[in-house]
Amino acid sequence: MNPNGGKAGDQITIHGKFFGMKKGKVYLGYLVNGKPIKKNCSVVSWTVDPATEEGDIVFVVPPGLAPGVYDLIVTNNSAGSDTDTFTMSEN
């Protein structure tokens with residue numbers, strides 16, 4: 001995965017391999033008092049080339065998160081989950 005940074009309301013494209021053919025979920029994860037929290041992101045599109053298993057996921061950055069670095073978590077039914085980092089900028 002190669003996510004970008006962004007701010008609330010931005011549409012972000014993730015490009016990578018093995019996302020799975022079925023639409024999954026995207027979360028931004030963070031810790032509150034040492035406990036992991038996941039904020040659900042709205043997935044706009046989930047396209048994967050079946051021949052190469054390479055594809056793009058477009059999601060919307062949710063409102064209500066402070067600027068900082070978050071875990072970008074992509075989950076699906078076939079490829080499990082993958083995690084990268086996402087930097088939230090100020091609005």
# chains A, B, ... in the order shown; residues from 1 in each chain; ligands from 1
>>> residues_around(residues="stretch 8-18 of chain A", least_positions_apart="4", cutoff="10 Å", atoms="only C-alpha atoms", output="number ranges by chain")
A: 1-4, 42-50, 52-67, 72, 74, 76, 78-82, 88-91
>>> select_by_dssp(residues="stretch 2-40 of chain A", states="strand (DSSP E)", output="short mmCIF file (atom, residue, chain, number, x, y, z; two decimals) with N, CA and C atoms, in the first residue's frame")
data_model
loop_
_atom_site.label_atom_id
_atom_site.label_comp_id
_atom_site.auth_asym_id
_atom_site.auth_seq_id
_atom_site.Cartn_x
_atom_site.Cartn_y
_atom_site.Cartn_z
N GLN A 11 -10.78 12.65 -0.49
CA GLN A 11 -10.81 11.30 -1.06
C GLN A 11 -9.36 10.88 -1.29
N ILE A 12 -8.98 9.75 -0.72
CA ILE A 12 -7.62 9.25 -0.77
C ILE A 12 -7.60 7.95 -1.57
N THR A 13 -6.62 7.81 -2.46
CA THR A 13 -6.47 6.58 -3.23
C THR A 13 -5.29 5.78 -2.69
N ILE A 14 -5.52 4.50 -2.44
CA ILE A 14 -4.47 3.57 -2.02
C ILE A 14 -4.25 2.64 -3.19
N HIS A 15 -3.00 2.46 -3.60
CA HIS A 15 -2.67 1.54 -4.68
C HIS A 15 -1.85 0.40 -4.09
N GLY A 16 -2.18 -0.83 -4.46
CA GLY A 16 -1.42 -1.95 -3.93
C GLY A 16 -1.86 -3.26 -4.55
N LYS A 17 -1.40 -4.34 -3.94
CA LYS A 17 -1.73 -5.69 -4.42
C LYS A 17 -2.48 -6.46 -3.35
N LYS A 25 -13.20 -3.15 3.99
CA LYS A 25 -13.36 -1.96 4.84
C LYS A 25 -12.03 -1.27 5.04
N VAL A 26 -12.09 0.04 5.26
CA VAL A 26 -10.90 0.85 5.54
C VAL A 26 -11.13 1.58 6.86
N TYR A 27 -10.12 1.55 7.72
CA TYR A 27 -10.20 2.21 9.03
C TYR A 27 -8.96 3.06 9.25
N LEU A 28 -9.08 4.09 10.06
CA LEU A 28 -7.93 4.79 10.61
C LEU A 28 -7.87 4.42 12.09
N GLY A 29 -6.76 3.87 12.51
CA GLY A 29 -6.64 3.37 13.87
C GLY A 29 -5.73 4.25 14.72
N TYR A 30 -6.01 4.28 16.01
CA TYR A 30 -5.23 5.07 16.95
C TYR A 30 -5.44 4.51 18.35
N LEU A 31 -4.66 4.98 19.30
CA LEU A 31 -4.77 4.51 20.68
C LEU A 31 -5.40 5.57 21.56
N VAL A 32 -6.29 5.13 22.45
CA VAL A 32 -6.85 5.99 23.49
C VAL A 32 -6.60 5.28 24.81
N LYS A 35 -5.56 1.74 24.47
CA LYS A 35 -6.48 0.80 23.83
C LYS A 35 -6.67 1.18 22.36
N PRO A 36 -6.59 0.19 21.44
CA PRO A 36 -6.75 0.50 20.02
C PRO A 36 -8.20 0.85 19.66
N ILE A 37 -8.35 1.93 18.91
CA ILE A 37 -9.65 2.39 18.42
C ILE A 37 -9.57 2.45 16.90
N LYS A 38 -10.65 2.06 16.20
CA LYS A 38 -10.69 2.15 14.75
C LYS A 38 -11.84 3.05 14.32
N LYS A 39 -11.55 4.04 13.48
CA LYS A 39 -12.57 4.95 12.93
C LYS A 39 -12.85 4.49 11.50
N ASN A 40 -14.10 4.14 11.23
CA ASN A 40 -14.49 3.63 9.92
C ASN A 40 -14.42 4.73 8.85
#
>>> atom_distance(atom1="atom CA of A:Gly34", atom2="atom CA of A:Phe19")
28.7 Å
>>> closest_residue(among="A:Asn33, A:Val69, A:Thr75, A:Gly24", to="A:Thr87", atoms="only C-alpha atoms")
A:Val69
>>> decode(residues="stretch 55-85 of chain A", atoms="N, CA, C and O atoms", output="mmCIF file, in the first residue's frame")
data_model
loop_
_atom_site.group_PDB
_atom_site.id
_atom_site.type_symbol
_atom_site.label_atom_id
_atom_site.label_comp_id
_atom_site.auth_asym_id
_atom_site.auth_seq_id
_atom_site.Cartn_x
_atom_site.Cartn_y
_atom_site.Cartn_z
ATOM 1 N N GLY A 55 -4.572 -3.228 -7.531
ATOM 2 C CA GLY A 55 -5.770 -2.404 -7.595
ATOM 3 C C GLY A 55 -5.678 -1.114 -6.825
ATOM 4 O O GLY A 55 -4.630 -0.758 -6.287
ATOM 5 N N ASP A 56 -6.820 -0.428 -6.807
ATOM 6 C CA ASP A 56 -6.930 0.855 -6.125
ATOM 7 C C ASP A 56 -8.162 0.860 -5.229
ATOM 8 O O ASP A 56 -9.216 0.372 -5.613
ATOM 9 N N ILE A 57 -7.993 1.444 -4.058
ATOM 10 C CA ILE A 57 -9.108 1.676 -3.137
ATOM 11 C C ILE A 57 -9.189 3.189 -2.947
ATOM 12 O O ILE A 57 -8.168 3.840 -2.715
ATOM 13 N N VAL A 58 -10.388 3.737 -3.071
ATOM 14 C CA VAL A 58 -10.603 5.158 -2.800
ATOM 15 C C VAL A 58 -11.497 5.247 -1.566
ATOM 16 O O VAL A 58 -12.564 4.630 -1.524
ATOM 17 N N PHE A 59 -11.042 5.997 -0.559
ATOM 18 C CA PHE A 59 -11.838 6.170 0.658
ATOM 19 C C PHE A 59 -11.879 7.639 1.038
ATOM 20 O O PHE A 59 -11.076 8.446 0.574
ATOM 21 N N VAL A 60 -12.845 7.992 1.893
ATOM 22 C CA VAL A 60 -13.002 9.360 2.371
ATOM 23 C C VAL A 60 -12.484 9.450 3.807
ATOM 24 O O VAL A 60 -12.855 8.633 4.649
ATOM 25 N N VAL A 61 -11.635 10.440 4.059
ATOM 26 C CA VAL A 61 -11.117 10.657 5.416
ATOM 27 C C VAL A 61 -12.270 11.139 6.296
ATOM 28 O O VAL A 61 -12.938 12.114 5.967
ATOM 29 N N PRO A 62 -12.535 10.447 7.415
ATOM 30 C CA PRO A 62 -13.669 10.825 8.266
ATOM 31 C C PRO A 62 -13.390 12.087 9.073
ATOM 32 O O PRO A 62 -12.234 12.404 9.364
ATOM 33 N N PRO A 63 -14.444 12.804 9.465
ATOM 34 C CA PRO A 63 -14.278 13.987 10.306
ATOM 35 C C PRO A 63 -14.016 13.593 11.758
ATOM 36 O O PRO A 63 -14.216 12.447 12.146
ATOM 37 N N GLY A 64 -13.583 14.557 12.541
ATOM 38 C CA GLY A 64 -13.480 14.350 13.986
ATOM 39 C C GLY A 64 -12.164 13.790 14.472
ATOM 40 O O GLY A 64 -12.049 13.411 15.634
ATOM 41 N N LEU A 65 -11.141 13.737 13.617
ATOM 42 C CA LEU A 65 -9.842 13.237 14.059
ATOM 43 C C LEU A 65 -8.855 14.395 14.132
ATOM 44 O O LEU A 65 -8.835 15.272 13.284
ATOM 45 N N ALA A 66 -8.025 14.383 15.167
ATOM 46 C CA ALA A 66 -7.012 15.423 15.348
ATOM 47 C C ALA A 66 -5.865 15.191 14.365
ATOM 48 O O ALA A 66 -5.631 14.063 13.940
ATOM 49 N N PRO A 67 -5.138 16.255 13.995
ATOM 50 C CA PRO A 67 -3.960 16.065 13.158
ATOM 51 C C PRO A 67 -2.977 15.112 13.820
ATOM 52 O O PRO A 67 -2.835 15.111 15.042
ATOM 53 N N GLY A 68 -2.316 14.286 13.041
ATOM 54 C CA GLY A 68 -1.354 13.331 13.577
ATOM 55 C C GLY A 68 -1.208 12.142 12.655
ATOM 56 O O GLY A 68 -1.720 12.129 11.540
ATOM 57 N N VAL A 69 -0.502 11.136 13.129
ATOM 58 C CA VAL A 69 -0.257 9.924 12.350
ATOM 59 C C VAL A 69 -1.161 8.809 12.862
ATOM 60 O O VAL A 69 -1.244 8.567 14.063
ATOM 61 N N TYR A 70 -1.836 8.140 11.929
ATOM 62 C CA TYR A 70 -2.775 7.060 12.246
ATOM 63 C C TYR A 70 -2.365 5.782 11.532
ATOM 64 O O TYR A 70 -1.649 5.834 10.532
ATOM 65 N N ASP A 71 -2.843 4.647 12.032
ATOM 66 C CA ASP A 71 -2.699 3.387 11.313
ATOM 67 C C ASP A 71 -3.783 3.335 10.256
ATOM 68 O O ASP A 71 -4.961 3.520 10.567
ATOM 69 N N LEU A 72 -3.408 3.090 9.009
ATOM 70 C CA LEU A 72 -4.374 2.894 7.930
ATOM 71 C C LEU A 72 -4.558 1.392 7.798
ATOM 72 O O LEU A 72 -3.617 0.666 7.494
ATOM 73 N N ILE A 73 -5.766 0.907 8.069
ATOM 74 C CA ILE A 73 -6.045 -0.524 8.120
ATOM 75 C C ILE A 73 -7.036 -0.874 7.018
ATOM 76 O O ILE A 73 -8.123 -0.288 6.946
ATOM 77 N N VAL A 74 -6.653 -1.814 6.153
ATOM 78 C CA VAL A 74 -7.526 -2.300 5.090
ATOM 79 C C VAL A 74 -7.840 -3.756 5.398
ATOM 80 O O VAL A 74 -6.937 -4.559 5.602
ATOM 81 N N THR A 75 -9.132 -4.092 5.460
ATOM 82 C CA THR A 75 -9.533 -5.468 5.732
ATOM 83 C C THR A 75 -10.447 -5.965 4.618
ATOM 84 O O THR A 75 -11.184 -5.190 4.013
ATOM 85 N N ASN A 76 -10.360 -7.270 4.342
ATOM 86 C CA ASN A 76 -11.283 -7.891 3.394
ATOM 87 C C ASN A 76 -11.480 -9.344 3.775
ATOM 88 O O ASN A 76 -10.803 -9.865 4.652
ATOM 89 N N ASN A 77 -12.421 -9.990 3.112
ATOM 90 C CA ASN A 77 -12.770 -11.370 3.453
ATOM 91 C C ASN A 77 -11.713 -12.371 3.005
ATOM 92 O O ASN A 77 -11.551 -13.407 3.623
ATOM 93 N N SER A 78 -10.967 -12.098 1.860
ATOM 94 C CA SER A 78 -10.044 -13.083 1.330
ATOM 95 C C SER A 78 -8.596 -12.827 1.730
ATOM 96 O O SER A 78 -7.875 -13.751 2.029
ATOM 97 N N ALA A 79 -8.096 -11.426 1.718
ATOM 98 C CA ALA A 79 -6.651 -11.143 1.961
ATOM 99 C C ALA A 79 -6.372 -10.815 3.410
ATOM 100 O O ALA A 79 -5.250 -10.520 3.792
ATOM 101 N N GLY A 80 -7.425 -10.920 4.367
ATOM 102 C CA GLY A 80 -7.223 -10.609 5.787
ATOM 103 C C GLY A 80 -7.131 -9.118 5.986
ATOM 104 O O GLY A 80 -8.063 -8.403 5.660
ATOM 105 N N SER A 81 -6.010 -8.593 6.538
ATOM 106 C CA SER A 81 -5.863 -7.151 6.723
ATOM 107 C C SER A 81 -4.413 -6.752 6.504
ATOM 108 O O SER A 81 -3.503 -7.554 6.619
ATOM 109 N N ASP A 82 -4.230 -5.488 6.183
ATOM 110 C CA ASP A 82 -2.907 -4.909 5.987
ATOM 111 C C ASP A 82 -2.922 -3.544 6.659
ATOM 112 O O ASP A 82 -3.950 -2.876 6.684
ATOM 113 N N THR A 83 -1.792 -3.136 7.189
ATOM 114 C CA THR A 83 -1.721 -1.872 7.904
ATOM 115 C C THR A 83 -0.556 -1.040 7.393
ATOM 116 O O THR A 83 0.501 -1.559 7.089
ATOM 117 N N ASP A 84 -0.783 0.252 7.249
ATOM 118 C CA ASP A 84 0.257 1.202 6.879
ATOM 119 C C ASP A 84 0.019 2.459 7.715
ATOM 120 O O ASP A 84 -0.847 2.449 8.582
ATOM 121 N N THR A 85 0.725 3.537 7.441
ATOM 122 C CA THR A 85 0.493 4.765 8.207
ATOM 123 C C THR A 85 -0.170 5.811 7.329
ATOM 124 O O THR A 85 -0.012 5.819 6.109
#
